[in-house]
Structure formats: structure tokens, C-alpha cells
$ cat protein27.tsv   # TSV, C-alpha atoms and all ligand atoms
chain	number	residue	atom	x	y	z
A	1	MET	CA	-63.24	3.52	56.94
A	2	VAL	CA	-60.58	3.28	54.25
A	3	THR	CA	-59.30	-0.06	55.51
A	4	MET	CA	-62.88	-1.35	55.65
A	5	ARG	CA	-63.30	-0.50	52.00
A	6	LYS	CA	-59.99	-2.03	51.11
A	7	MET	CA	-60.99	-5.20	52.94
A	8	LYS	CA	-64.31	-5.30	51.13
A	9	LEU	CA	-62.62	-4.76	47.81
A	10	LEU	CA	-60.05	-7.46	48.55
A	11	THR	CA	-62.71	-9.99	49.58
A	12	PHE	CA	-64.66	-9.09	46.50
A	13	LEU	CA	-61.67	-9.55	44.19
A	14	ILE	CA	-60.65	-12.86	45.75
A	15	LEU	CA	-64.19	-14.15	45.35
A	16	LEU	CA	-64.28	-12.91	41.76
A	17	VAL	CA	-61.01	-14.66	40.89
A	18	PHE	CA	-62.19	-17.81	42.62
A	19	LEU	CA	-65.55	-17.84	40.88
A	20	THR	CA	-64.09	-16.97	37.50
A	21	SER	CA	-61.52	-19.76	37.68
A	22	PHE	CA	-64.20	-22.12	38.98
A	23	PHE	CA	-66.43	-21.52	36.00
A	24	LEU	CA	-63.56	-21.47	33.51
A	25	ASN	CA	-62.34	-24.83	34.76
A	26	TYR	CA	-65.60	-26.65	35.15
A	27	THR	CA	-67.82	-25.58	32.29
A	28	PRO	CA	-68.04	-28.52	29.93
A	29	THR	CA	-67.95	-27.05	26.42
A	30	VAL	CA	-65.81	-24.47	24.66
A	31	VAL	CA	-68.88	-22.44	23.67
A	32	THR	CA	-70.05	-21.96	27.22
A	33	THR	CA	-66.59	-21.04	28.47
A	34	ILE	CA	-66.74	-18.13	26.10
A	35	TRP	CA	-70.00	-16.60	27.20
A	36	PHE	CA	-71.42	-18.33	30.24
A	37	PRO	CA	-68.77	-17.48	32.84
A	38	LYS	CA	-68.63	-13.84	31.86
A	39	GLN	CA	-72.39	-13.43	32.21
A	40	MET	CA	-72.33	-15.22	35.51
A	41	VAL	CA	-69.51	-13.09	36.80
A	42	ILE	CA	-71.23	-9.88	35.76
A	43	GLY	CA	-74.41	-11.03	37.49
A	44	ILE	CA	-72.51	-11.98	40.60
A	45	SER	CA	-70.51	-8.78	40.73
A	46	GLU	CA	-73.73	-6.73	40.48
A	47	ASN	CA	-75.11	-8.53	43.50
A	48	PHE	CA	-71.87	-8.25	45.39
A	49	ARG	CA	-71.80	-4.57	44.75
A	50	LYS	CA	-75.27	-4.20	46.18
A	51	LEU	CA	-74.52	-6.48	49.12
A	52	MET	CA	-71.26	-4.80	50.00
A	53	LYS	CA	-72.56	-1.32	49.23
A	54	LEU	CA	-69.69	-0.49	46.95
A	55	PRO	CA	-70.31	2.71	45.05
A	56	PRO	CA	-72.63	1.84	42.16
A	57	ARG	CA	-70.74	3.89	39.60
A	58	SER	CA	-67.12	4.55	38.95
A	59	CYS	CA	-66.19	8.15	38.30
A	60	THR	CA	-64.17	8.89	35.17
A	61	CYS	CA	-63.66	12.65	35.68
A	62	SER	CA	-60.12	13.92	36.21
A	63	HIS	CA	-61.17	15.02	39.70
A	64	CYS	CA	-64.09	13.41	41.50
A	65	VAL	CA	-65.80	15.38	44.22
A	66	ASN	CA	-65.92	12.47	46.69
A	67	GLU	CA	-62.15	11.85	46.59
A	68	LEU	CA	-60.69	11.67	50.03
A	69	ARG	CA	-57.23	12.71	51.22
A	70	VAL	CA	-57.30	15.93	49.23
A	71	SER	CA	-58.49	18.05	52.12
A	72	HIS	CA	-58.55	17.19	55.79
A	73	TRP	CA	-61.41	19.67	56.30
A	74	PHE	CA	-63.48	17.76	53.72
A	75	ASP	CA	-62.59	14.29	55.03
A	76	GLU	CA	-63.73	15.33	58.50
A	77	ARG	CA	-67.17	16.21	57.20
A	78	PHE	CA	-67.91	13.97	54.22
A	79	ASN	CA	-69.43	10.58	55.09
A	80	GLU	CA	-69.92	8.50	51.99
A	81	THR	CA	-72.11	5.93	53.72
A	82	MET	CA	-74.87	8.48	54.35
A	83	GLN	CA	-77.76	7.84	51.98
A	84	PRO	CA	-79.37	11.01	50.64
A	85	LEU	CA	-82.73	9.51	49.77
A	86	LEU	CA	-85.32	7.80	51.93
A	87	THR	CA	-86.23	4.37	50.55
A	88	LEU	CA	-88.14	1.32	51.69
A	89	HIS	CA	-84.83	-0.22	52.72
A	90	ASN	CA	-83.34	2.57	54.81
A	91	SER	CA	-86.39	4.16	56.42
A	92	LEU	CA	-85.72	2.92	59.93
A	93	MET	CA	-84.34	5.91	61.79
A	94	GLU	CA	-82.33	6.03	64.96
A	95	GLU	CA	-84.33	7.38	67.91
A	96	GLU	CA	-81.95	10.34	68.24
A	97	THR	CA	-82.34	11.27	64.58
A	98	TYR	CA	-86.09	10.95	64.73
A	99	SER	CA	-86.53	13.10	67.81
A	100	TRP	CA	-84.16	15.76	66.41
A	101	TRP	CA	-86.09	15.86	63.14
A	102	LEU	CA	-89.45	15.96	64.92
A	103	LYS	CA	-88.43	19.17	66.72
A	104	LEU	CA	-87.51	21.13	63.57
A	105	GLN	CA	-90.94	22.64	63.06
A	106	ARG	CA	-92.42	21.61	66.41
A	107	GLU	CA	-95.37	19.85	64.86
A	108	LYS	CA	-98.35	19.32	67.17
A	109	ASN	CA	-99.70	15.75	67.46
A	110	PRO	CA	-97.62	14.19	64.69
A	111	LYS	CA	-98.90	10.99	63.16
A	112	ASN	CA	-96.90	7.80	63.72
A	113	LEU	CA	-93.79	7.84	61.54
A	114	ASN	CA	-93.83	4.14	60.65
A	115	ASP	CA	-97.45	4.27	59.53
A	116	THR	CA	-96.80	7.43	57.53
A	117	ILE	CA	-93.77	5.96	55.76
A	118	LYS	CA	-95.70	2.79	54.99
A	119	GLU	CA	-98.50	4.81	53.46
A	120	LEU	CA	-96.02	7.01	51.60
A	121	PHE	CA	-94.28	4.10	49.92
A	122	SER	CA	-97.57	2.56	48.94
A	123	VAL	CA	-97.96	5.64	46.75
A	124	VAL	CA	-94.45	6.70	45.64
A	125	PRO	CA	-91.66	4.28	44.61
A	126	GLY	CA	-89.45	3.26	47.52
A	127	ASP	CA	-86.39	2.60	45.39
A	128	VAL	CA	-83.52	4.81	44.45
A	129	ASP	CA	-84.03	7.00	41.39
A	130	PRO	CA	-83.03	5.00	38.27
A	131	MET	CA	-81.48	8.21	36.96
A	132	LEU	CA	-79.14	8.38	39.95
A	133	GLU	CA	-78.05	4.79	39.44
A	134	ASN	CA	-77.42	5.28	35.72
A	135	GLU	CA	-74.02	3.79	34.95
A	136	SER	CA	-73.70	5.07	31.42
A	137	VAL	CA	-72.58	8.50	32.60
A	138	GLY	CA	-68.94	8.07	33.61
A	139	CYS	CA	-68.39	11.64	34.71
A	140	ARG	CA	-71.54	13.14	36.11
A	141	ARG	CA	-71.48	16.90	36.00
A	142	CYS	CA	-74.08	18.70	38.08
A	143	ALA	CA	-75.28	22.26	38.23
A	144	VAL	CA	-76.89	23.29	41.49
A	145	VAL	CA	-78.90	26.41	40.76
A	146	GLY	CA	-79.85	28.61	43.68
A	147	ASN	CA	-82.31	31.48	43.45
A	148	SER	CA	-80.10	34.51	43.98
A	149	GLY	CA	-80.58	37.77	42.11
A	150	ASN	CA	-76.95	37.45	41.00
A	151	LEU	CA	-78.26	35.29	38.14
A	152	LYS	CA	-79.88	38.33	36.52
A	153	GLN	CA	-78.10	39.20	33.27
A	154	SER	CA	-75.55	36.48	33.95
A	155	GLN	CA	-76.15	34.69	30.62
A	156	TYR	CA	-75.37	31.39	32.36
A	157	GLY	CA	-78.34	29.61	30.76
A	158	SER	CA	-76.63	27.53	28.09
A	159	GLN	CA	-73.71	26.70	30.37
A	160	ILE	CA	-76.12	25.45	33.07
A	161	ASP	CA	-78.05	23.33	30.57
A	162	GLU	CA	-74.87	21.50	29.50
A	163	HIS	CA	-74.69	19.65	32.83
A	164	ASP	CA	-75.93	16.06	33.16
A	165	PHE	CA	-78.01	16.98	36.19
A	166	VAL	CA	-79.51	20.37	36.88
A	167	LEU	CA	-80.86	20.78	40.41
A	168	ARG	CA	-83.17	23.63	41.27
A	169	MET	CA	-85.11	24.45	44.39
A	170	ASN	CA	-88.25	25.95	45.88
A	171	LYS	CA	-90.22	28.43	43.75
A	172	ALA	CA	-87.55	28.76	41.05
A	173	PRO	CA	-89.06	29.39	37.61
A	174	THR	CA	-87.19	28.87	34.34
A	175	MET	CA	-89.80	30.14	31.89
A	176	GLY	CA	-88.95	33.69	30.92
A	177	PHE	CA	-85.47	33.46	32.50
A	178	GLU	CA	-83.86	30.88	30.20
A	179	ALA	CA	-80.95	33.05	29.06
A	180	ASP	CA	-79.75	33.50	32.65
A	181	VAL	CA	-80.85	30.32	34.44
A	182	GLY	CA	-81.27	27.75	31.65
A	183	SER	CA	-84.27	25.62	30.84
A	184	LYS	CA	-83.16	22.13	31.88
A	185	THR	CA	-84.11	20.70	35.25
A	186	THR	CA	-83.56	17.10	36.27
A	187	HIS	CA	-84.26	17.40	40.00
A	188	HIS	CA	-86.20	20.03	41.93
A	189	LEU	CA	-86.03	20.22	45.72
A	190	VAL	CA	-89.14	21.47	47.48
A	191	TYR	CA	-91.19	21.28	50.64
A	192	PRO	CA	-94.99	21.68	50.62
A	193	GLU	CA	-94.87	25.39	51.43
A	194	SER	CA	-92.35	26.10	48.63
A	195	PHE	CA	-93.91	23.90	45.98
A	196	ARG	CA	-94.25	25.00	42.40
A	197	GLU	CA	-95.62	22.88	39.55
A	198	LEU	CA	-92.75	21.14	37.76
A	199	GLY	CA	-91.98	20.24	34.16
A	200	GLU	CA	-93.12	16.90	32.83
A	201	ASN	CA	-89.99	14.81	33.39
A	202	VAL	CA	-88.55	16.57	36.39
A	203	SER	CA	-87.95	14.53	39.54
A	204	MET	CA	-89.37	16.21	42.60
A	205	ILE	CA	-87.28	15.77	45.72
A	206	LEU	CA	-89.43	16.45	48.73
A	207	VAL	CA	-87.43	17.77	51.67
A	208	PRO	CA	-89.49	16.80	54.70
A	209	PHE	CA	-89.26	19.01	57.78
A	210	LYS	CA	-92.21	17.36	59.55
A	211	ILE	CA	-94.50	14.31	59.38
A	212	THR	CA	-97.24	16.33	57.64
A	213	ASP	CA	-94.87	16.92	54.71
A	214	LEU	CA	-94.77	13.16	54.07
A	215	GLN	CA	-98.56	12.94	54.45
A	216	TRP	CA	-98.91	15.87	52.07
A	217	VAL	CA	-97.13	13.93	49.29
A	218	VAL	CA	-99.69	11.15	49.62
A	219	SER	CA	-102.57	13.60	49.83
A	220	ALA	CA	-101.46	15.87	46.98
A	221	THR	CA	-101.06	12.92	44.58
A	222	THR	CA	-104.31	11.21	45.61
A	223	LYS	CA	-107.33	12.66	47.38
A	224	GLY	CA	-106.11	16.16	48.10
A	225	THR	CA	-107.20	16.36	51.73
A	226	ILE	CA	-104.39	18.57	53.05
A	227	SER	CA	-104.75	22.25	52.16
A	228	HIS	CA	-102.95	23.95	55.01
A	229	THR	CA	-99.83	23.42	57.11
A	230	TYR	CA	-98.57	26.65	58.72
A	231	VAL	CA	-99.60	28.36	55.48
A	232	PRO	CA	-101.89	27.25	52.65
A	233	VAL	CA	-100.31	24.51	50.49
A	234	PRO	CA	-101.37	23.08	47.11
A	235	MET	CA	-104.05	20.43	47.60
A	236	LYS	CA	-103.23	18.66	44.37
A	237	ILE	CA	-100.06	18.51	42.31
A	238	LYS	CA	-99.56	17.29	38.76
A	239	VAL	CA	-96.15	15.70	39.40
A	240	LYS	CA	-96.31	12.00	38.65
A	241	LYS	CA	-95.98	9.70	41.65
A	242	GLU	CA	-93.12	7.84	39.94
A	243	LYS	CA	-91.13	11.07	39.78
A	244	ILE	CA	-91.24	11.74	43.52
A	245	LEU	CA	-88.20	11.18	45.71
A	246	ILE	CA	-87.85	11.85	49.43
A	247	TYR	CA	-84.82	13.53	50.99
A	248	HIS	CA	-83.73	11.45	53.96
A	249	PRO	CA	-84.36	13.08	57.37
A	250	ALA	CA	-81.15	11.44	58.62
A	251	PHE	CA	-79.30	13.19	55.80
A	252	ILE	CA	-80.71	16.55	56.96
A	253	LYS	CA	-79.25	15.80	60.38
A	254	TYR	CA	-75.95	14.78	58.78
A	255	VAL	CA	-75.78	18.14	56.96
A	256	PHE	CA	-76.60	19.94	60.20
A	257	ASP	CA	-74.10	18.02	62.37
A	258	ASN	CA	-71.20	17.40	60.01
A	259	TRP	CA	-71.34	20.37	57.66
A	260	LEU	CA	-73.03	23.17	59.63
A	261	GLN	CA	-71.67	21.98	62.97
A	262	GLY	CA	-74.93	22.87	64.60
A	263	HIS	CA	-75.22	26.43	63.25
A	264	GLY	CA	-78.72	27.81	62.74
A	265	ARG	CA	-81.84	25.88	63.73
A	266	TYR	CA	-81.68	23.64	60.67
A	267	PRO	CA	-80.15	23.69	57.17
A	268	SER	CA	-81.64	25.69	54.29
A	269	THR	CA	-82.77	24.00	51.07
A	270	GLY	CA	-79.73	25.62	49.42
A	271	ILE	CA	-77.10	23.96	51.56
A	272	LEU	CA	-79.13	20.72	51.58
A	273	SER	CA	-78.95	20.75	47.77
A	274	VAL	CA	-75.20	21.40	47.77
A	275	ILE	CA	-74.34	18.55	50.15
A	276	PHE	CA	-76.81	16.28	48.34
A	277	SER	CA	-74.91	16.98	45.12
A	278	LEU	CA	-71.58	16.06	46.74
A	279	HIS	CA	-73.04	12.59	47.25
A	280	ILE	CA	-74.68	12.00	43.87
A	281	CYS	CA	-72.42	13.94	41.46
A	282	ASP	CA	-68.81	13.71	40.32
A	283	GLU	CA	-68.38	17.42	39.56
A	284	VAL	CA	-70.41	20.22	41.12
A	285	ASP	CA	-70.95	23.73	39.79
A	286	LEU	CA	-72.93	26.25	41.84
A	287	TYR	CA	-74.96	29.05	40.29
A	288	GLY	CA	-77.23	31.58	41.95
A	289	PHE	CA	-75.84	31.30	45.46
A	290	GLY	CA	-75.10	34.26	47.72
A	291	ALA	CA	-75.86	37.94	47.41
A	292	ASP	CA	-75.63	39.96	44.20
A	293	SER	CA	-72.76	42.39	43.60
A	294	LYS	CA	-74.59	45.11	45.55
A	295	GLY	CA	-74.92	42.85	48.56
A	296	ASN	CA	-78.65	42.29	48.08
A	297	TRP	CA	-80.25	38.99	48.98
A	298	HIS	CA	-83.27	38.47	46.76
A	299	HIS	CA	-84.65	36.09	44.14
A	300	TYR	CA	-83.83	36.42	40.44
A	301	TRP	CA	-87.52	36.57	39.54
A	302	GLU	CA	-88.26	39.41	41.95
A	303	ASN	CA	-87.61	43.08	41.36
A	304	ASN	CA	-87.69	44.16	44.96
A	305	PRO	CA	-84.08	43.80	46.14
A	306	SER	CA	-85.08	43.41	49.78
A	307	ALA	CA	-87.56	40.64	49.05
A	308	GLY	CA	-86.63	37.09	49.94
A	309	ALA	CA	-84.41	38.26	52.74
A	310	PHE	CA	-84.25	34.73	54.09
A	311	ARG	CA	-80.76	35.36	55.37
A	312	LYS	CA	-82.16	37.06	58.43
A	313	THR	CA	-84.94	34.61	59.23
A	314	GLY	CA	-83.16	33.25	62.27
A	315	VAL	CA	-83.91	29.71	61.16
A	316	HIS	CA	-80.88	29.28	58.92
A	317	ASP	CA	-77.36	30.56	59.43
A	318	GLY	CA	-76.73	32.08	56.00
A	319	ASP	CA	-73.23	33.27	56.84
A	320	PHE	CA	-72.08	29.89	58.07
A	321	GLU	CA	-73.66	28.16	55.09
A	322	SER	CA	-71.87	30.57	52.72
A	323	ASN	CA	-68.63	29.84	54.50
A	324	VAL	CA	-69.13	26.11	53.88
A	325	THR	CA	-69.73	26.56	50.14
A	326	ALA	CA	-66.84	29.07	49.90
A	327	THR	CA	-64.55	26.61	51.65
A	328	LEU	CA	-65.64	23.79	49.31
A	329	ALA	CA	-64.72	26.07	46.41
A	330	SER	CA	-61.39	27.06	47.96
A	331	ILE	CA	-60.32	23.40	48.13
A	332	HIS	CA	-61.51	22.90	44.52
A	333	LYS	CA	-64.28	20.49	45.39
A	334	ILE	CA	-66.89	22.68	43.72
A	335	ARG	CA	-66.90	25.76	41.50
A	336	ILE	CA	-68.99	28.81	42.33
A	337	PHE	CA	-70.22	31.02	39.51
A	338	LYS	CA	-70.97	34.35	41.12
A	339	GLY	CA	-72.93	36.04	38.36
A	340	ARG	CA	-73.41	39.75	38.70
B	1	LIG	C1	-70.86	7.68	58.77
B	1	LIG	O1	-72.24	7.43	58.85
B	1	LIG	C2	-72.54	6.13	59.32
B	1	LIG	C3	-74.04	5.92	59.17
B	1	LIG	O2	-74.75	6.92	59.81
B	1	LIG	C4	-72.06	6.00	60.76
B	1	LIG	O3	-72.38	4.73	61.26
B	1	LIG	C5	-70.55	6.21	60.78
B	1	LIG	O4	-70.09	6.21	62.09
B	1	LIG	C6	-70.20	7.55	60.11
B	1	LIG	N1	-68.75	7.59	59.93
B	1	LIG	C7	-68.04	8.61	60.37
B	1	LIG	C8	-66.58	8.52	60.08
B	1	LIG	O5	-68.52	9.55	60.97
B	2	LIG	C1	-91.04	2.03	64.06
B	2	LIG	O1	-90.75	0.65	63.95
B	2	LIG	C2	-89.51	0.27	64.56
B	2	LIG	C3	-89.22	-1.19	64.27
B	2	LIG	O2	-90.27	-1.83	63.66
B	2	LIG	C4	-89.59	0.54	66.05
B	2	LIG	O3	-88.37	0.19	66.67
B	2	LIG	C5	-89.86	2.03	66.26
B	2	LIG	O4	-90.02	2.30	67.64
B	2	LIG	C6	-91.10	2.47	65.50
B	2	LIG	N1	-91.17	3.92	65.59
B	2	LIG	C7	-92.28	4.58	65.83
B	2	LIG	C8	-92.17	6.06	65.90
B	2	LIG	O5	-93.35	4.04	66.02
B	3	LIG	C1	-78.65	7.15	31.35
B	3	LIG	O1	-77.76	8.04	30.71
B	3	LIG	C2	-77.78	7.97	29.30
B	3	LIG	C3	-76.68	8.84	28.74
B	3	LIG	O2	-76.79	10.16	29.23
B	3	LIG	C4	-79.17	8.37	28.81
B	3	LIG	O3	-79.24	8.27	27.41
B	3	LIG	C5	-80.22	7.45	29.44
B	3	LIG	O4	-81.52	7.88	29.09
B	3	LIG	C6	-80.08	7.44	30.95
B	3	LIG	N1	-80.98	6.47	31.55
B	3	LIG	C7	-81.82	6.75	32.57
B	3	LIG	C8	-82.61	5.64	33.12
B	3	LIG	O5	-81.91	7.88	33.02
B	4	LIG	C1	-90.51	13.77	28.72
B	4	LIG	O1	-90.03	12.46	28.38
B	4	LIG	C2	-90.71	11.87	27.29
B	4	LIG	C3	-90.20	10.44	27.17
B	4	LIG	O2	-88.83	10.37	27.22
B	4	LIG	C4	-90.46	12.72	26.05
B	4	LIG	O3	-91.14	12.17	24.96
B	4	LIG	C5	-90.97	14.15	26.31
B	4	LIG	O4	-90.65	14.97	25.22
B	4	LIG	C6	-90.34	14.72	27.56
B	4	LIG	N1	-90.96	16.01	27.87
B	4	LIG	C7	-90.27	17.11	28.13
B	4	LIG	C8	-91.08	18.34	28.43
B	4	LIG	O5	-89.06	17.16	28.10
B	5	LIG	C1	-64.75	30.51	56.98
B	5	LIG	O1	-64.73	30.91	58.32
B	5	LIG	C2	-63.49	30.72	58.97
B	5	LIG	C3	-63.65	31.00	60.46
B	5	LIG	O2	-64.35	32.19	60.67
B	5	LIG	C4	-62.45	31.64	58.32
B	5	LIG	O3	-61.20	31.44	58.91
B	5	LIG	C5	-62.36	31.24	56.85
B	5	LIG	O4	-61.48	32.12	56.19
B	5	LIG	C6	-63.73	31.29	56.17
B	5	LIG	N1	-63.56	30.71	54.86
B	5	LIG	C7	-63.98	31.32	53.76
B	5	LIG	C8	-63.67	30.59	52.48
B	5	LIG	O5	-64.61	32.35	53.75
$ encode --input "protein27.tsv" --output "C-alpha cells"
Amino acid sequence: MVTMRKMKLLTFLILLVFLTSFFLNYTPTVVTTIWFPKQMVIGISENFRKLMKLPPRSCTCSHCVNELRVSHWFDERFNETMQPLLTLHNSLMEEETYSWWLKLQREKNPKNLNDTIKELFSVVPGDVDPMLENESVGCRRCAVVGNSGNLKQSQYGSQIDEHDFVLRMNKAPTMGFEADVGSKTTHHLVYPESFRELGENVSMILVPFKITDLQWVVSATTKGTISHTYVPVPMKIKVKKEKILIYHPAFIKYVFDNWLQGHGRYPSTGILSVIFSLHICDEVDLYGFGADSKGNWHHYWENNPSAGAFRKTGVHDGDFESNVTATLASIHKIRIFKGR
């Protein structure tokens, strides 16, 4: 992997030197040697970067989360080539991935995946989020905000809002809880059954656990024909089509295989958000994960401490997931703010 990247980089540099000297030597006038070659080289290097899949941004933080050779445990799990978002260009799934994903919620008579994806990308953009590709942020600091009751009276709000990206998930509200959870959201991860209406400029990241979830995106932004999956779901949503992103099913499997090592039936939105952030951020801070100081697992907007006891659902392995985030923190890849 490392040698591959070195090779790519070497090839890329040799080509750059060659092309630069070519243009410097052969452009006819002094004026063009000043501006023309540089523009050309920038244009070429952009395309090379895309072609060779070099990371689109360079990280300027003192420690970047994707650095390898800091922890063997991390290097064994982290796979930089995995693409977190489903796009027009990476939607072809391996048979094994597809059949694994199809079993997650044991959907009856699923529609054809290829047809569904085609329909989906006729409605939502099939390109990577322009915000994620933004090169003007040299050190991208992210806050991943879970929904734990440990956020109550934490006063983390302003600290959370200082991050470049703030990721939230499922039913999480901010209104009325700003002092503890902040008010900024750049990305919100949901599935149809956990949807809540989002702020105007928030990107919705749909986490699909079945084919219907992809169909629901199309339906909810157009005709509103789907009103029920295993529970009632919103028929129409106000989120703009351009602000909708799709979490890649192959990335869900990657989280399950590499990070959870097969624990639980499938990963929770929480751990999916954390691993997602390892791939799109340079620094990761976690808020609102885990139990509160009394050991209760509930949501910060609920008063009943036993509510939201998702830990014991049998679908997700909460203990194993906590161990993964705790281990990431112990090797200084992420920071966990435990609240109260
Ligand atoms: C990383 O993921 C890619 C794409 O799925 C796969 O081909 C490759 O084998 C993986 N690399 C490692 C080291 O697991
Ligand atoms: C989707 O299309 C690909 C290639 O076009 C094909 O190999 C695959 O079997 C199709 N999958 C389904 C579920 O129809
Ligand atoms: C890119 O980041 C800069 C600096 O934070 C910001 O001003 C700009 O709006 C961003 N562009 C996009 C497309 O998000
Ligand atoms: C959303 O973005 C637009 C354009 O950048 C801006 O004018 C508007 O104030 C933003 N709305 C919110 C709620 O942040
Ligand atoms: C995670 O679990 C392993 C195995 O049970 C244990 O040795 C390790 O201490 C745990 N790590 C943390 C940070 O809790």
C-alpha cells in the first residue's frame, strides 16, 4: 500500500518535472513562460490527482488522523482507499458486499439495485460533496456529536460550534439545547425511520440499510409515495435534493469487517459517523457518546433515563463499539469529551 503510493507519487513527480521543463523550454515568448506553463501544470496536476486518486487535500494540522505508522492497531483497520459516499462513479458493488448489505434488514422483494441507483442519481447529485473537497481548509477539525444524555449541562455548545464540520445523527435536535450541544450542523446522518427535518444548509447523509431507503429518498423529495417501511416514515421532506448525500453500503461493510470485526448484526449510526469522520476529517472530537456519569443510556432531549436504551437492542454491539472509540482515543487519534 505504502510502496504503491510512493510509486504513484514518484511517477507523478517525474511527469510534473518533465512537463514543466517541456513547457519552459518550448514556449515561444517570455510572457507565456511566466504564466502559461504554471497554469498548464496546475491543470495537469489536478487531473493527475483525480486519475491517480491521490488525496484531494493536504492536511496541515500538527497531527492528522489518517497518519499511518503511529499505531499498528489503527493501520490494521484503516483503509484509506475506501470511499465513504456512494456516487455515480463508485456505485458498482461487489456481489459479496451487495448480498451482505441486502441481509441487514431482510427486506422482502427488494427492487433491483442498479435500477434504484439509476433513479436515485437522476434526483440527487452523484458527485462528492463540494464541501468535502474544499481545499481552502488546511486543517479540518470535526466534531461528531452523538445523542447521549451526558451532554446535559455540559456547556459544550460553543466549543462544538468552533469546528469546521459538525456531524450529528438521527433525531438530534439543537433548538433549545444550544448551550450544551451547539447550533451548527454541517452534516446530519439519518435513515428514513430516524429522519428529522434539517436546517436550511445542512447536508443530509442518508445511511441506507435496505433498497427501500434509497427509494425513499427519491420518493420523499418528489411524489411522496412511500409512507411506511417497518414503521411510518415521512412522506415528504424539505431537505433540498442538492444537499443529499448517500453513505456507501460498501463502507458500512468496511466498518463492520475492519472496525467491529463482525460484532453485532451491523454497525450503529454512531460508529458509522465516527469511522466516516476518520476518512473525511483531519482532527476528530467526539461529544455525546457513551453513557452519562450515572451509567444511563438515554438521549439528551429525553428526561426518562431508561429511554433510548439502544445498547440492548441486540442489533448493535454497544460495548464493542465503545471499545473501538475508546481505543481510538487511547492512541490519540480522536478526543472524547465525556460531559457529565
Ligand atoms: C482496501 O480496500 C480496497 C477497496 O475495497 C481493497 O481492494 C484493498 O484490498 C483494501 N486494502 C487492505 C489493506 O485491506
Ligand atoms: C448491476 O449491473 C452490473 C454491471 O452492469 C451487473 O454486473 C450486476 O449484476 C447488476 N446487479 C444487479 C443486482 O442487477
Ligand atoms: C470552503 O472553505 C472556506 C473557508 O472555510 C469557505 O469560506 C467556503 O465557503 C468553503 N467552500 C465550500 C464550497 O464549502
Ligand atoms: C444558508 O446559506 C445561505 C447562502 O450561503 C445563507 O444566505 C443563509 O443565511 C444560510 N442559512 C442558514 C440558516 O444558515
Ligand atoms: C478493549 O477491549 C480489549 C479486549 O477486551 C481490552 O484489552 C482493552 O483494554 C479495551 N480497550 C479500552 C480502551 O477499553
$ residues_around --input "protein27.tsv" --residues "Trp301 in chain A" --least-positions-apart "5" --cutoff "8 Å" --atoms "all atoms listed in the file" --output "ChimeraX atom specification"
/A:149,172-173,177
$ axis_aligned_box --input "protein27.tsv" --around "ligand LIG 3 (chain B)" --padding-each-side "5 Å" --output "AutoDock Vina command-line options"
--center_x -79.6 --center_y 7.9 --center_z 30.3 --size_x 15.9 --size_y 14.5 --size_z 15.7
$ residues_around --input "protein27.tsv" --residues "range 120-135 of chain A" --least-positions-apart "3" --cutoff "10 Å" --atoms "only C-alpha atoms" --output "JSON, numbers by chain"
{"A": [55, 56, 57, 58, 59, 83, 84, 85, 86, 87, 88, 89, 90, 91, 114, 115, 116, 117, 138, 139, 140, 165, 186, 203, 214, 215, 216, 217, 218, 219, 221, 222, 240, 241, 242, 243, 244, 245, 246, 280, 281]}
$ closest_atom_pairs --input "protein27.tsv" --of "range 187-249 of chain A" --to "range 103-108 of chain A" --cutoff "10 Å" --atoms "only C-alpha atoms" --output "CSV"
residue,atom,partner,partner_atom,distance
A:Phe209,CA,A:Leu104,CA,6.4
A:Lys210,CA,A:Gln105,CA,6.5
A:Ile211,CA,A:Glu107,CA,7.8
A:Thr212,CA,A:Glu107,CA,8.2
A:Thr229,CA,A:Glu107,CA,9.6
A:Tyr230,CA,A:Gln105,CA,9.7
$ write_last_selection --input "protein27.tsv" --atoms "C-alpha atoms" --output "PDB file, in the coordinates of the input"
ATOM      1  CA  PHE A 209     -89.260  19.010  57.780  1.00  0.00           C
ATOM      2  CA  LYS A 210     -92.210  17.360  59.550  1.00  0.00           C
ATOM      3  CA  ILE A 211     -94.500  14.310  59.380  1.00  0.00           C
ATOM      4  CA  THR A 212     -97.240  16.330  57.640  1.00  0.00           C
ATOM      5  CA  THR A 229     -99.830  23.420  57.110  1.00  0.00           C
ATOM      6  CA  TYR A 230     -98.570  26.650  58.720  1.00  0.00           C
TER       7      TYR A 230
END
$ residues_near_ligand --input "protein27.tsv" --ligand "ligand LIG 5 (chain B)" --cutoff "10 Å" --atoms "all atoms listed in the file" --output "list in words"
Asp319, Phe320, Glu321, Ser322, Asn323, Val324, Thr325, Ala326, Thr327, Leu328, Ala329, Ser330 and Ile331 of chain A
$ write_last_selection --input "protein27.tsv" --atoms "C-alpha atoms" --output "PDB file, keeping the file's coordinate frame"
ATOM      1  CA  ASP A 319     -73.230  33.270  56.840  1.00  0.00           C
ATOM      2  CA  PHE A 320     -72.080  29.890  58.070  1.00  0.00           C
ATOM      3  CA  GLU A 321     -73.660  28.160  55.090  1.00  0.00           C
ATOM      4  CA  SER A 322     -71.870  30.570  52.720  1.00  0.00           C
ATOM      5  CA  ASN A 323     -68.630  29.840  54.500  1.00  0.00           C
ATOM      6  CA  VAL A 324     -69.130  26.110  53.880  1.00  0.00           C
ATOM      7  CA  THR A 325     -69.730  26.560  50.140  1.00  0.00           C
ATOM      8  CA  ALA A 326     -66.840  29.070  49.900  1.00  0.00           C
ATOM      9  CA  THR A 327     -64.550  26.610  51.650  1.00  0.00           C
ATOM     10  CA  LEU A 328     -65.640  23.790  49.310  1.00  0.00           C
ATOM     11  CA  ALA A 329     -64.720  26.070  46.410  1.00  0.00           C
ATOM     12  CA  SER A 330     -61.390  27.060  47.960  1.00  0.00           C
ATOM     13  CA  ILE A 331     -60.320  23.400  48.130  1.00  0.00           C
TER      14      ILE A 331
END
$ atom_distance --input "protein27.tsv" --atom1 "CA of His63 in chain A" --atom2 "CA of Arg141 in chain A"
11.1 Å
$ residues_near_point --input "protein27.tsv" --point "(-78.9, 28.3, 34.3)" --cutoff "12 Å" --atoms "all atoms listed in the file" --output "PyMOL selection string"
chain A and resi 142-148+150-163+165-168+172-185+285-289+300+337+339
$ residues_near_ligand --input "protein27.tsv" --ligand "ligand LIG 1 (chain B)" --cutoff "10 Å" --atoms "only C-alpha atoms and all ligand atoms" --output "PyMOL selection string"
chain A and resi 1-2+75-83+93-94+97+250-251+253-254+258
